[in-house]
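So this block is entry33.txt, compact mmCIF, C-alpha atoms:
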```txt
# COMPACT_ATOMS: atom_id res chain seq x y z
CA MET A 1034 -25.70 8.96 15.18
CA ILE A 1035 -24.71 7.20 11.98
CA PRO A 1036 -22.48 9.30 9.64
CA GLU A 1037 -24.00 10.20 6.30
CA ILE A 1038 -21.43 8.24 4.28
CA ILE A 1039 -22.40 4.96 5.96
CA LYS A 1040 -26.09 5.63 5.28
CA THR A 1041 -25.68 6.59 1.63
CA ILE A 1042 -22.79 4.42 0.39
CA PRO A 1043 -23.27 0.64 0.67
CA LEU A 1044 -20.34 -1.41 1.95
CA ASN A 1045 -20.16 -3.19 -1.43
CA TYR A 1046 -18.75 -0.04 -3.03
CA TYR A 1047 -15.76 -0.19 -0.71
CA LEU A 1048 -15.35 -3.88 -1.54
CA PHE A 1049 -15.26 -3.09 -5.27
CA LEU A 1050 -12.92 -0.13 -4.80
CA SER A 1051 -10.48 -2.19 -2.73
CA SER A 1052 -10.60 -5.14 -5.14
CA THR A 1053 -9.85 -2.85 -8.07
CA LEU A 1054 -6.97 -1.21 -6.21
CA PHE A 1055 -5.60 -4.64 -5.27
CA VAL A 1056 -5.86 -5.88 -8.86
CA ILE A 1057 -4.04 -2.77 -10.12
CA GLY A 1058 -1.23 -3.72 -7.73
CA VAL A 1059 -1.22 -7.31 -9.03
CA ILE A 1060 -1.05 -6.09 -12.64
CA GLY A 1061 1.85 -3.83 -11.70
CA VAL A 1062 3.76 -6.76 -10.20
CA LEU A 1063 3.07 -8.94 -13.25
CA THR A 1064 3.87 -6.46 -16.02
CA ARG A 1065 6.77 -4.36 -14.74
CA ARG A 1066 10.41 -5.41 -14.47
CA ASN A 1067 11.77 -2.55 -12.39
CA ALA A 1068 12.21 -3.83 -8.82
CA LEU A 1069 11.26 -0.46 -7.31
CA ILE A 1070 7.98 -0.28 -9.22
CA ILE A 1071 7.16 -3.87 -8.23
CA PHE A 1072 7.77 -2.86 -4.62
CA MET A 1073 5.48 0.16 -5.03
CA SER A 1074 2.76 -2.13 -6.44
CA VAL A 1075 3.07 -4.28 -3.31
CA GLU A 1076 2.53 -1.13 -1.22
CA LEU A 1077 -0.56 -0.42 -3.31
CA MET A 1078 -1.96 -3.87 -2.51
CA LEU A 1079 -1.29 -3.37 1.21
CA ASN A 1080 -3.17 -0.08 1.08
CA ALA A 1081 -6.14 -1.68 -0.66
CA VAL A 1082 -6.41 -4.14 2.21
CA ASN A 1083 -6.01 -1.35 4.77
CA LEU A 1084 -8.84 0.62 3.18
CA LEU A 1085 -11.14 -2.39 3.23
CA LEU A 1086 -10.36 -3.20 6.87
CA THR A 1087 -11.07 0.40 7.84
CA ALA A 1088 -14.35 0.37 5.91
CA PHE A 1089 -15.48 -2.82 7.65
CA SER A 1090 -14.42 -1.43 11.00
CA ALA A 1091 -16.34 1.81 10.46
CA TYR A 1092 -19.49 0.06 9.22
CA ARG A 1093 -19.54 -2.34 12.17
CA SER A 1094 -18.35 0.36 14.62
CA ASP A 1095 -15.69 -1.99 15.97
CA PRO A 1096 -12.28 -0.40 16.72
CA ALA A 1097 -10.33 -3.69 16.44
CA GLY A 1098 -10.17 -3.41 12.64
CA GLN A 1099 -8.52 -0.01 12.82
CA ILE A 1100 -5.98 -1.29 15.36
CA PHE A 1101 -5.19 -4.03 12.87
CA VAL A 1102 -4.61 -1.43 10.13
CA PHE A 1103 -2.25 0.37 12.49
CA PHE A 1104 -0.21 -2.82 12.93
CA ILE A 1105 -0.18 -3.43 9.18
CA MET A 1106 1.28 0.07 8.71
CA ALA A 1107 3.99 -0.71 11.31
CA VAL A 1108 4.89 -3.96 9.54
CA ALA A 1109 4.88 -2.20 6.15
CA ALA A 1110 7.33 0.41 7.43
CA ALA A 1111 9.73 -2.31 8.62
CA GLU A 1112 9.26 -4.19 5.33
CA VAL A 1113 10.11 -1.11 3.26
CA ALA A 1114 13.33 -0.51 5.24
CA VAL A 1115 14.56 -4.06 4.62
CA GLY A 1116 13.28 -4.25 1.04
CA LEU A 1117 14.95 -1.04 -0.04
CA ALA A 1118 18.21 -2.23 1.57
CA ILE A 1119 17.94 -5.41 -0.54
CA ILE A 1120 17.29 -3.37 -3.70
CA VAL A 1121 20.33 -1.15 -3.00
CA MET A 1122 22.46 -4.27 -2.44
CA MET A 1123 21.13 -5.76 -5.69
CA TYR A 1124 22.12 -2.60 -7.54
CA ARG A 1125 25.56 -2.66 -5.98
CA TYR A 1126 26.29 -6.20 -7.15
CA MET A 1127 24.66 -6.16 -10.59
CA ARG A 1128 24.46 -2.43 -11.50
CA THR A 1129 20.80 -2.93 -12.41
CA ILE A 1130 17.47 -3.38 -10.64
CA ASP A 1131 15.77 -5.11 -13.55
CA VAL A 1132 14.31 -8.34 -12.16
CA GLY A 1133 14.35 -9.89 -15.65
CA LEU A 1134 18.15 -9.99 -15.52
CA MET A 1135 18.16 -11.71 -12.17
CA ASN A 1136 18.12 -15.32 -13.32
CA LYS A 1137 21.03 -16.95 -11.50
CA LEU A 1138 18.67 -19.23 -9.59
CA LYS A 1139 16.80 -20.22 -12.74
CA TRP A 1140 17.44 -23.57 -14.40
CA MET B 345 -22.68 15.94 -1.18
CA VAL B 346 -20.77 13.19 0.71
CA GLN B 347 -21.68 10.79 -2.07
CA ASN B 348 -20.12 13.02 -4.72
CA LEU B 349 -17.00 13.37 -2.59
CA PHE B 350 -16.80 9.57 -2.35
CA TYR B 351 -17.08 9.14 -6.12
CA PHE B 352 -14.55 11.88 -6.77
CA LEU B 353 -12.03 10.39 -4.32
CA THR B 354 -12.58 6.92 -5.77
CA PHE B 355 -11.99 8.16 -9.29
CA LEU B 356 -8.82 9.99 -8.23
CA THR B 357 -7.54 6.95 -6.28
CA LEU B 358 -7.97 4.55 -9.18
CA LEU B 359 -6.58 6.99 -11.75
CA SER B 360 -3.44 7.73 -9.76
CA ALA B 361 -2.98 4.01 -8.93
CA LEU B 362 -3.10 3.25 -12.66
CA MET B 363 -0.59 6.01 -13.34
CA VAL B 364 1.75 4.45 -10.75
CA ILE B 365 2.06 1.24 -12.72
CA PHE B 366 1.95 2.75 -16.21
CA SER B 367 4.30 5.74 -16.01
CA LYS B 368 7.76 5.13 -17.48
CA ASN B 369 9.77 7.31 -15.11
CA PRO B 370 10.08 5.82 -11.57
CA ILE B 371 10.02 9.31 -10.02
CA HIS B 372 6.61 9.98 -11.57
CA SER B 373 5.46 6.64 -10.17
CA VAL B 374 6.48 7.69 -6.67
CA LEU B 375 4.71 11.05 -7.01
CA TYR B 376 1.50 9.35 -8.21
CA LEU B 377 1.79 6.88 -5.33
CA ILE B 378 1.93 9.81 -2.88
CA LEU B 379 -1.24 11.18 -4.52
CA THR B 380 -2.87 7.75 -4.11
CA PHE B 381 -2.00 7.73 -0.41
CA PHE B 382 -3.49 11.20 0.05
CA THR B 383 -6.75 10.16 -1.59
CA ILE B 384 -6.86 7.02 0.58
CA SER B 385 -6.42 9.31 3.59
CA GLY B 386 -9.41 11.25 2.25
CA HIS B 387 -11.40 8.01 2.30
CA TYR B 388 -10.34 7.43 5.91
CA ILE B 389 -11.57 10.90 6.86
CA LEU B 390 -14.89 10.19 5.13
CA LEU B 391 -15.18 7.02 7.22
CA ASN B 392 -14.47 9.10 10.37
CA ALA B 393 -11.17 7.26 10.99
CA GLN B 394 -9.19 10.39 11.72
CA PHE B 395 -6.32 8.69 13.54
CA LEU B 396 -5.63 6.40 10.59
CA ALA B 397 -5.87 9.31 8.15
CA ALA B 398 -3.15 11.18 10.07
CA VAL B 399 -0.96 8.07 10.48
CA ASN B 400 -1.37 7.20 6.79
CA ILE B 401 -0.10 10.63 5.74
CA ILE B 402 2.76 10.64 8.25
CA VAL B 403 3.97 7.07 7.76
CA TYR B 404 3.19 6.34 4.11
CA ALA B 405 3.16 9.67 2.29
CA GLY B 406 5.87 11.02 4.59
CA ALA B 407 8.40 8.43 5.70
CA ILE B 408 8.05 5.55 3.25
CA MET B 409 7.76 7.64 0.11
CA VAL B 410 10.76 9.78 1.07
CA LEU B 411 12.75 6.54 1.40
CA PHE B 412 11.60 5.49 -2.08
CA LEU B 413 12.49 8.87 -3.60
CA PHE B 414 15.84 8.80 -1.86
CA VAL B 415 16.70 5.35 -3.20
CA ILE B 416 15.60 6.26 -6.75
CA MET B 417 17.77 9.37 -6.79
CA PHE B 418 20.60 7.40 -5.16
CA LEU B 419 20.61 4.69 -7.82
CA ASP B 420 20.65 7.04 -10.83
CA LEU B 421 18.34 5.03 -13.08
CA LYS B 422 18.25 7.59 -15.89
CA LYS B 423 20.76 5.93 -18.18
CA GLU B 424 19.39 2.41 -18.10
CA SER B 425 15.80 2.11 -19.15
CA GLU B 426 13.72 -0.94 -18.45
CA GLN B 427 14.60 -4.01 -20.46
CA HIS B 428 12.21 -4.55 -23.32
CA ILE B 429 9.26 -6.65 -22.20
CA PRO B 430 7.47 -8.71 -24.84
CA ALA B 431 3.94 -7.44 -25.50
CA LEU B 432 2.60 -10.95 -24.95
CA ALA B 433 3.89 -10.96 -21.35
CA LYS B 434 2.19 -7.61 -20.69
CA VAL B 435 -1.11 -8.75 -22.18
CA ALA B 436 -0.90 -11.99 -20.19
CA GLY B 437 -0.32 -10.04 -16.97
CA VAL B 438 -3.26 -7.72 -17.60
CA ILE B 439 -5.54 -10.66 -18.46
CA ALA B 440 -4.48 -12.55 -15.31
CA GLY B 441 -5.20 -9.47 -13.21
CA GLY B 442 -8.54 -8.94 -14.96
CA MET B 443 -9.53 -12.53 -14.22
CA LEU B 444 -8.74 -11.95 -10.54
CA LEU B 445 -10.95 -8.85 -10.57
CA VAL B 446 -13.78 -10.81 -12.21
CA ILE B 447 -13.52 -13.46 -9.50
CA PHE B 448 -13.53 -10.81 -6.75
CA VAL B 449 -16.56 -9.03 -8.20
CA ALA B 450 -18.44 -12.30 -8.71
CA ALA B 451 -17.73 -13.31 -5.12
CA PHE B 452 -18.69 -9.96 -3.58
CA LYS B 453 -21.69 -9.15 -5.78
CA SER B 454 -24.16 -11.41 -4.04
CA MET B 455 -22.76 -10.79 -0.56
CA GLN B 456 -25.19 -9.79 2.17
CA THR B 457 -23.80 -6.66 3.78
CA ILE B 458 -24.68 -5.43 7.23
CA THR B 459 -26.94 -2.46 7.82
CA PRO B 460 -25.75 -0.57 10.90
CA ASP B 461 -28.09 -0.50 13.86
CA GLU B 462 -28.96 3.05 14.91
CA ALA B 463 -29.19 2.31 18.64
CA SER B 464 -25.84 0.59 19.21
CA PHE B 465 -23.82 2.48 16.60
CA ASN B 466 -20.79 4.43 17.83
CA SER B 467 -19.42 6.87 15.24
CA GLN B 468 -16.47 7.90 17.44
CA ILE B 469 -14.43 4.69 17.15
CA GLY B 470 -11.88 6.19 14.76
CA LEU B 471 -10.79 8.95 17.13
CA VAL B 472 -7.47 8.83 18.96
CA THR B 473 -9.11 8.51 22.40
CA THR B 474 -11.00 5.32 21.61
CA LEU B 475 -8.24 3.71 19.59
CA GLY B 476 -5.61 4.55 22.24
CA LYS B 477 -7.69 2.90 24.94
CA VAL B 478 -8.18 -0.25 22.88
CA LEU B 479 -4.53 -0.32 21.80
CA PHE B 480 -3.08 -0.01 25.28
CA LYS B 481 -5.53 -2.32 27.04
CA GLN B 482 -6.55 -5.09 24.67
CA TYR B 483 -3.63 -5.05 22.24
CA LEU B 484 -0.74 -4.13 24.54
CA LEU B 485 1.31 -7.26 23.86
CA PRO B 486 1.29 -6.98 20.04
CA PHE B 487 2.12 -3.29 20.40
CA GLU B 488 5.20 -4.10 22.46
CA LEU B 489 6.17 -6.95 20.12
CA ALA B 490 6.13 -4.45 17.22
CA SER B 491 9.16 -2.80 18.82
CA VAL B 492 11.08 -6.09 18.57
CA LEU B 493 10.07 -6.28 14.90
CA PHE B 494 11.40 -2.77 14.30
CA LEU B 495 14.66 -3.61 16.06
CA SER B 496 15.20 -6.67 13.87
CA ALA B 497 14.26 -4.70 10.74
CA MET B 498 16.80 -2.03 11.68
CA VAL B 499 19.52 -4.63 12.26
CA GLY B 500 18.65 -6.29 8.94
CA ALA B 501 18.76 -3.03 6.99
CA VAL B 502 22.15 -2.10 8.48
CA MET B 503 23.54 -5.58 7.82
CA LEU B 504 22.38 -5.53 4.18
CA GLY B 505 23.58 -2.00 3.54
CA LYS B 506 27.00 -2.52 5.07
CA LYS B 507 30.01 -2.90 2.78
CA GLU B 508 31.60 -6.29 3.02
CA GLU B 509 35.23 -6.98 3.85
CA GLY B 510 37.49 -6.44 0.87
CA GLU B 511 34.72 -5.26 -1.45
CA ARG B 512 35.83 -2.61 -3.91
CA ASN B 513 34.29 0.82 -3.71
CA THR B 514 31.46 0.72 -6.23
CA PHE B 515 29.51 3.88 -5.37
```
Represent the structure of the file as structure tokens.
Amino acid sequence: MIPEIIKTIPLNYYLFLSSTLFVIGVIGVLTRRNALIIFMSVELMLNAVNLLLTAFSAYRSDPAGQIFVFFIMAVAAAEVAVGLAIIVMMYRYMRTIDVGLMNKLKW
Amino acid sequence: MVQNLFYFLTFLTLLSALMVIFSKNPIHSVLYLILTFFTISGHYILLNAQFLAAVNIIVYAGAIMVLFLFVIMFLDLKKESEQHIPALAKVAGVIAGGMLLVIFVAAFKSMQTITPDEASFNSQIGLVTTLGKVLFKQYLLPFELASVLFLSAMVGAVMLGKKEEGERNTF
């Protein structure tokens, strides 16, 4: 039996929702200077991709896509642990987490 | 009924995602991000992916967001506000993002999407039973390799957070 959502909502709507969510993440990365908010925008982009993978998996009734989302979540958890450690270290050395002030590698 | 729920959840997801990137206070950003994760879990439940909905709430809204909140309160960002960003840079960022969205929509608009076949459709794939069987039979090796990834992430986080020899006490 096909669930009602798959019958009534076309897959395109999930594509548009995920694209919009991803673009919101991109805009966050481009316009903000606070390293933590940039990191949160990256999480937002990861979640947009997760949502799209789940939608495809549900519409095709193939569990592999949802397994993939599970692995993405595992990698994201590891990434957050290391990333936040880097941000704390950054704050310890420079007393700021503003990425605009981090220009030692710039010409 | 389900349709209205979908539109409502979509509206809430996009609104809270926008609030994440536009609110000035980082703590508000984290709270809006938690709301976004809950609405995305709602989408998972609508798609009958119950395992992912539970994992999303536990891992993202639970563990990861608590880490974020902890770091924000740890760093005491109240006194230093964000450096002034020129309006031109903001407008350029929004335009670049908007262009990306236009490209996405143009690419996806004419896409042929599948219509599920009533006979072979299995609506139970998102349940723990099915996913557990697939995970521990077909994807056993990647699952075990994830533990190595976590070990290296843990070592990396400890190494980065450790005080170095002779460093003065800054906290």
At most 6 Å is the cut-off: for each residue in chain B with any atom that close to an atom of chain A, write down the nearest atom pair and the distance in Å rounded to one decimal, counting only C-alpha atoms, chain first then increasing number, as JSON lines.
```
{"residue": "B:Ile365", "atom": "CA", "partner": "A:Gly1061", "partner_atom": "CA", "distance": 5.2}
{"residue": "B:Lys434", "atom": "CA", "partner": "A:Thr1064", "partner_atom": "CA", "distance": 5.1}
{"residue": "B:Gly437", "atom": "CA", "partner": "A:Leu1063", "partner_atom": "CA", "distance": 5.2}
{"residue": "B:Val438", "atom": "CA", "partner": "A:Ile1060", "partner_atom": "CA", "distance": 5.7}
{"residue": "B:Gly441", "atom": "CA", "partner": "A:Ile1060", "partner_atom": "CA", "distance": 5.4}
{"residue": "B:Asn466", "atom": "CA", "partner": "A:Ser1094", "partner_atom": "CA", "distance": 5.7}
{"residue": "B:Ile469", "atom": "CA", "partner": "A:Pro1096", "partner_atom": "CA", "distance": 5.5}
{"residue": "B:Phe494", "atom": "CA", "partner": "A:Ala1111", "partner_atom": "CA", "distance": 5.9}
{"residue": "B:Ala497", "atom": "CA", "partner": "A:Ala1111", "partner_atom": "CA", "distance": 5.5}
{"residue": "B:Ala501", "atom": "CA", "partner": "A:Val1115", "partner_atom": "CA", "distance": 4.9}
{"residue": "B:Leu504", "atom": "CA", "partner": "A:Ala1118", "partner_atom": "CA", "distance": 5.9}
{"residue": "B:Gly505", "atom": "CA", "partner": "A:Ala1118", "partner_atom": "CA", "distance": 5.7}
```
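Taking atom CA of B:Leu421 as the reference point, atom CA of B:Ile402 is found at 27.0 Å.
Reported to one decimal place, the separation of atom CA of B:Leu358 from atom CA of B:Leu445 is 13.8 Å.
Atom CA of B:Ser360 sits 6.9 Å away from atom CA of B:Leu377.
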Please list as a list in words every residue within 6 Å of stretch 378-393 of chain B, counting only C-alpha atoms and excluding residues in the same chain fewer than 2 positions away.
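Contacts, in chain order: Leu353, Thr357, Ser360, Leu375, Tyr376, Phe395, Leu396, Ala397, Ala405 and Gly470 of chain B.
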Please determine an axis-aligned box that encloses all atoms of stretch 387-400 of chain B listed in the file, with 8 Å added on each side, and express its centre and edge lengths in Å to one decimal as AutoDock Vina command-line options.
```
--center_x -8.1 --center_y 8.8 --center_z 7.9 --size_x 30.2 --size_y 20.8 --size_z 27.2
```
